[in-house]
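Here the structure comes first, spelled out in structure tokens, and everything after it is commentary.
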There are 2 protein chains.
Amino acid sequence: MRVESSAGSETRSERKERTRRAILDAALSLSEETGLGGLSLRQVAKEVGVVPTAFYRHFASIDELGLALVEESFVSLRAMIRDVRRGNPPLEEIVDRSVEVLDDHVRAQRAHFAFIARERSGGSAVVRAAVRQEFALFERELATDLARLPMDHWSSEDLHVLSRLIVVAMIAVAEEILESPDRERDAIKRRARTQLLVVIVGAVNWRSERE
Amino acid sequence: MRVESSAGSETRSERKERTRRAILDAALSLSEETGLGGLSLRQVAKEVGVVPTAFYRHFASIDELGLALVEESFVSLRAMIRDVRRGNPPLEEIVDRSVEVLDDHVRAQRAHFAFIARERSGGSAVVRAAVRQEFALFERELATDLARLPMDHWSSEDLHVLSRLIVVAMIAVAEEILESPDRERDAIKRRARTQLLVVIVGAVNWRSERE
DNA sequence: CCTTTCAGTGAACGTGCGTACACTGAAACT
DNA sequence: AGTTTCAGTGTACGCACGTTCACTGAAAGG
């Protein structure tokens, strides 16, 4: 395929990609109210401004659309993780920095995080499975990150348990951020820091308690 | 109204109550696959064995049915809490006992807990709001319970933050129990105990860390 | 220049939906 | 015994849905 572009126009594949994006955006925005499950192909098509059947040129079903949205949303989530890791923050700043980055990213990509939070328990079986698998991956990554902190008295299995606790707590924080007015921003962040710190303090003082 | 009962038959209100129960049960079971949102009045009616319009004699809408299911499900949840508290277990047994009771109740009332977990983030706005309000109540109760543990160095606001962390973690454990085969039962319980203990150890060692 | 490709069109279909309305018949009440 | 109440019936309606199929017309390719 040649990428012929008669100035101002688009190639065929550019145009197709643009429609695909429009469908993804429309679906993300429409599903904010109904959930992915309560989304109809016709609604999406109308929002995009194409005829219902055109949908099939891009996705075979709403579920497949959902999977694309899961991938896209987790790109946002992984960008967040990368941002937390960046610059290898010193131990005493990890909590503050993590909460700051979480808050920033959730607000900047609110639709993506809302989608993940919603479809994690709500969606169709296949979408739900995809979300959970992504989270499982993420938990494993976090566990190896934790291994670098001064908690070598933890087995790798226990590190994973700890990682899950942190992930679950931070998902809850993200949900709280998504559904609260902006002025509660600082209060939520403060609470998130407290929770993270409790977990870390608990982890560090672990062995000494269980002798 | 007189409660006339010609042996073997039912009064009118008994019969009505029986249909209402059948609707609630059918809805609970059918929504296990589709979510409450993907549930139709006609489906429920068919499952119960009545004509669709009969539904209106009991609920004005699916949402109202949902609210009734929220209430019913939280009766199960509160029964669980009461069971945890029963006998005022000594400090060192609290974790083991809580996890045991959680596991027992989630398995015994799996439909109710699945409903709560699902509709917590997925359902219609009004049902979701009802679920969250119930959880908020529950968190506050747990916070006052925590105040009786040896952590008087915590402000009541921080106790609430801690309570939220525990609730969120235990919701995640309940979800894990619901979606795992029985043979992972012990592994999940062990992980749950670890998580609870980390939080408690973290809470107890709190002040000493923040000078 | 002529042919092929293919994103988007438009009409048509069968289905399941919520809801309206008038009804029935047994239980409850007077 | 006569009347009222009301849980459940049955029909009918308009609507939105997913999916089919033959189509169009411009871009891509030979």
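Each chain in the structure tokens gets a letter, A, B and so on, in the order shown; residues start at 1 in every chain, and ligands are counted from 1 in the order they appear.
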Residues of chain D within 9 Å of chain B, counting only C-alpha atoms (C1' of nucleotides), as a PyMOL selection string: chain D and resi 7-10
Could you list, as a PyMOL selection string, every residue of chain B that has an atom within 8 Å of an atom of chain A, counting only C-alpha atoms? chain B and resi 34-35+37-38+117-119+121-124+158+161-162+165+168-169+172+191+194-195+197-203+205-206+209
Mind writing the picked residues with N, CA and C atoms as a PDB file, in the first residue's frame?
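Dumped everything to selection-v3.pdb:
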```pdb
ATOM      1  N   THR B  34     -25.487 -12.032  34.160  1.00  0.00           N
ATOM      2  CA  THR B  34     -25.594 -10.820  33.346  1.00  0.00           C
ATOM      3  C   THR B  34     -25.355  -9.535  34.127  1.00  0.00           C
ATOM      4  N   GLY B  35     -25.352  -9.642  35.442  1.00  0.00           N
ATOM      5  CA  GLY B  35     -25.392  -8.431  36.254  1.00  0.00           C
ATOM      6  C   GLY B  35     -26.821  -7.931  36.329  1.00  0.00           C
ATOM      7  N   GLY B  37     -27.934  -5.083  35.784  1.00  0.00           N
ATOM      8  CA  GLY B  37     -28.232  -4.202  34.651  1.00  0.00           C
ATOM      9  C   GLY B  37     -28.683  -4.957  33.415  1.00  0.00           C
ATOM     10  N   GLY B  38     -28.148  -6.138  33.235  1.00  0.00           N
ATOM     11  CA  GLY B  38     -28.487  -6.926  32.063  1.00  0.00           C
ATOM     12  C   GLY B  38     -29.650  -7.856  32.306  1.00  0.00           C
ATOM     13  N   ALA B 117     -20.581  -7.664  45.540  1.00  0.00           N
ATOM     14  CA  ALA B 117     -19.299  -7.400  44.878  1.00  0.00           C
ATOM     15  C   ALA B 117     -19.524  -6.883  43.467  1.00  0.00           C
ATOM     16  N   ARG B 118     -20.487  -7.486  42.786  1.00  0.00           N
ATOM     17  CA  ARG B 118     -20.749  -7.123  41.402  1.00  0.00           C
ATOM     18  C   ARG B 118     -21.347  -5.734  41.291  1.00  0.00           C
ATOM     19  N   GLU B 119     -22.357  -5.462  42.072  1.00  0.00           N
ATOM     20  CA  GLU B 119     -23.099  -4.216  41.934  1.00  0.00           C
ATOM     21  C   GLU B 119     -22.417  -3.044  42.623  1.00  0.00           C
ATOM     22  N   SER B 121     -19.537  -1.806  41.936  1.00  0.00           N
ATOM     23  CA  SER B 121     -18.996  -0.897  40.920  1.00  0.00           C
ATOM     24  C   SER B 121     -19.774  -0.952  39.616  1.00  0.00           C
ATOM     25  N   GLY B 122     -20.519  -2.045  39.417  1.00  0.00           N
ATOM     26  CA  GLY B 122     -21.065  -2.250  38.089  1.00  0.00           C
ATOM     27  C   GLY B 122     -22.459  -1.715  37.844  1.00  0.00           C
ATOM     28  N   GLY B 123     -23.289  -1.750  38.847  1.00  0.00           N
ATOM     29  CA  GLY B 123     -24.729  -1.613  38.648  1.00  0.00           C
ATOM     30  C   GLY B 123     -25.227  -0.232  38.269  1.00  0.00           C
ATOM     31  N   SER B 124     -26.507  -0.063  38.360  1.00  0.00           N
ATOM     32  CA  SER B 124     -27.117   1.232  38.089  1.00  0.00           C
ATOM     33  C   SER B 124     -26.712   2.205  39.187  1.00  0.00           C
ATOM     34  N   ASP B 158      -8.263   8.582  61.748  1.00  0.00           N
ATOM     35  CA  ASP B 158      -7.311   7.601  61.236  1.00  0.00           C
ATOM     36  C   ASP B 158      -7.828   6.173  61.403  1.00  0.00           C
ATOM     37  N   VAL B 161      -9.803   5.481  58.457  1.00  0.00           N
ATOM     38  CA  VAL B 161      -8.950   5.196  57.299  1.00  0.00           C
ATOM     39  C   VAL B 161      -8.467   3.749  57.347  1.00  0.00           C
ATOM     40  N   LEU B 162      -8.058   3.354  58.541  1.00  0.00           N
ATOM     41  CA  LEU B 162      -7.602   1.984  58.753  1.00  0.00           C
ATOM     42  C   LEU B 162      -8.734   0.998  58.484  1.00  0.00           C
ATOM     43  N   LEU B 165      -9.248   0.458  54.865  1.00  0.00           N
ATOM     44  CA  LEU B 165      -8.217  -0.419  54.304  1.00  0.00           C
ATOM     45  C   LEU B 165      -8.572  -1.883  54.538  1.00  0.00           C
ATOM     46  N   VAL B 168     -11.696  -2.921  52.415  1.00  0.00           N
ATOM     47  CA  VAL B 168     -11.334  -3.068  51.002  1.00  0.00           C
ATOM     48  C   VAL B 168     -10.561  -4.374  50.784  1.00  0.00           C
ATOM     49  N   ALA B 169      -9.645  -4.656  51.680  1.00  0.00           N
ATOM     50  CA  ALA B 169      -8.859  -5.886  51.551  1.00  0.00           C
ATOM     51  C   ALA B 169      -9.753  -7.115  51.687  1.00  0.00           C
ATOM     52  N   ALA B 172     -11.835  -7.800  48.650  1.00  0.00           N
ATOM     53  CA  ALA B 172     -11.022  -8.461  47.625  1.00  0.00           C
ATOM     54  C   ALA B 172     -10.879  -9.950  47.938  1.00  0.00           C
ATOM     55  N   ARG B 191      -3.530 -16.373  52.879  1.00  0.00           N
ATOM     56  CA  ARG B 191      -3.177 -15.052  52.364  1.00  0.00           C
ATOM     57  C   ARG B 191      -3.974 -13.946  53.053  1.00  0.00           C
ATOM     58  N   THR B 194      -2.476 -13.245  56.394  1.00  0.00           N
ATOM     59  CA  THR B 194      -1.250 -12.454  56.251  1.00  0.00           C
ATOM     60  C   THR B 194      -1.571 -10.980  56.045  1.00  0.00           C
ATOM     61  N   GLN B 195      -2.506 -10.722  55.145  1.00  0.00           N
ATOM     62  CA  GLN B 195      -2.841  -9.327  54.859  1.00  0.00           C
ATOM     63  C   GLN B 195      -3.396  -8.611  56.077  1.00  0.00           C
ATOM     64  N   LEU B 197      -2.925  -9.366  59.166  1.00  0.00           N
ATOM     65  CA  LEU B 197      -1.870  -9.216  60.173  1.00  0.00           C
ATOM     66  C   LEU B 197      -0.917  -8.075  59.825  1.00  0.00           C
ATOM     67  N   VAL B 198      -0.587  -7.957  58.549  1.00  0.00           N
ATOM     68  CA  VAL B 198       0.276  -6.849  58.132  1.00  0.00           C
ATOM     69  C   VAL B 198      -0.344  -5.520  58.527  1.00  0.00           C
ATOM     70  N   VAL B 199      -1.629  -5.399  58.248  1.00  0.00           N
ATOM     71  CA  VAL B 199      -2.310  -4.147  58.575  1.00  0.00           C
ATOM     72  C   VAL B 199      -2.278  -3.899  60.081  1.00  0.00           C
ATOM     73  N   ILE B 200      -2.555  -4.930  60.844  1.00  0.00           N
ATOM     74  CA  ILE B 200      -2.583  -4.759  62.297  1.00  0.00           C
ATOM     75  C   ILE B 200      -1.192  -4.438  62.848  1.00  0.00           C
ATOM     76  N   VAL B 201      -0.197  -5.188  62.383  1.00  0.00           N
ATOM     77  CA  VAL B 201       1.183  -4.909  62.824  1.00  0.00           C
ATOM     78  C   VAL B 201       1.567  -3.479  62.446  1.00  0.00           C
ATOM     79  N   GLY B 202       1.173  -3.077  61.244  1.00  0.00           N
ATOM     80  CA  GLY B 202       1.452  -1.710  60.810  1.00  0.00           C
ATOM     81  C   GLY B 202       0.792  -0.688  61.701  1.00  0.00           C
ATOM     82  N   ALA B 203      -0.448  -0.964  62.070  1.00  0.00           N
ATOM     83  CA  ALA B 203      -1.194  -0.021  62.899  1.00  0.00           C
ATOM     84  C   ALA B 203      -0.591   0.090  64.294  1.00  0.00           C
ATOM     85  N   ASN B 205       2.464  -0.554  65.260  1.00  0.00           N
ATOM     86  CA  ASN B 205       3.803   0.051  65.255  1.00  0.00           C
ATOM     87  C   ASN B 205       3.814   1.458  64.647  1.00  0.00           C
ATOM     88  N   TRP B 206       2.675   2.041  64.557  1.00  0.00           N
ATOM     89  CA  TRP B 206       2.500   3.294  63.838  1.00  0.00           C
ATOM     90  C   TRP B 206       3.308   4.437  64.435  1.00  0.00           C
ATOM     91  N   GLU B 209       7.046   4.757  64.482  1.00  0.00           N
ATOM     92  CA  GLU B 209       7.724   5.018  63.214  1.00  0.00           C
ATOM     93  C   GLU B 209       7.686   6.506  62.849  1.00  0.00           C
TER      94      GLU B 209
END
```
Atomic separation - atom C1' of DA16 of chain D relative to atom CA of Phe115 of chain A, Å: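 Straight-line distance from atom CA of Phe115 of chain A to atom C1' of DA16 of chain D works out to 24.6 Å.
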Alpha helix (DSSP H) call set, DSSP backbone run, segment 5-207 of chain A, as a PyMOL selection string: chain A and resi 12-34+41-48+62-85+91-108+110-121+125-146+156-179+185-204+206-207
Please identify every residue of chain C that has at least one atom no farther than 12 Å from an atom of chain A, counting only C-alpha atoms (C1' of nucleotides), and for each give the shortest atom pair and the distance in Å to one decimal, arranged by chain then increasing number, as a tab-separated table.
```
residue	atom	partner	partner_atom	distance
C:DT5	C1'	A:Arg12	CA	10.7
C:DC6	C1'	A:Arg57	CA	9.1
C:DA7	C1'	A:Lys16	CA	6.9
C:DG8	C1'	A:Ala54	CA	5.8
C:DT9	C1'	A:Val51	CA	7.0
C:DG10	C1'	A:Val51	CA	8.5
C:DA11	C1'	A:Thr53	CA	11.9
```
Å distance separating atom CA of Val101 of chain B from atom CA of Asp182 of chain B, one decimal place: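 Atom CA of Asp182 of chain B lies 15.9 Å from atom CA of Val101 of chain B.
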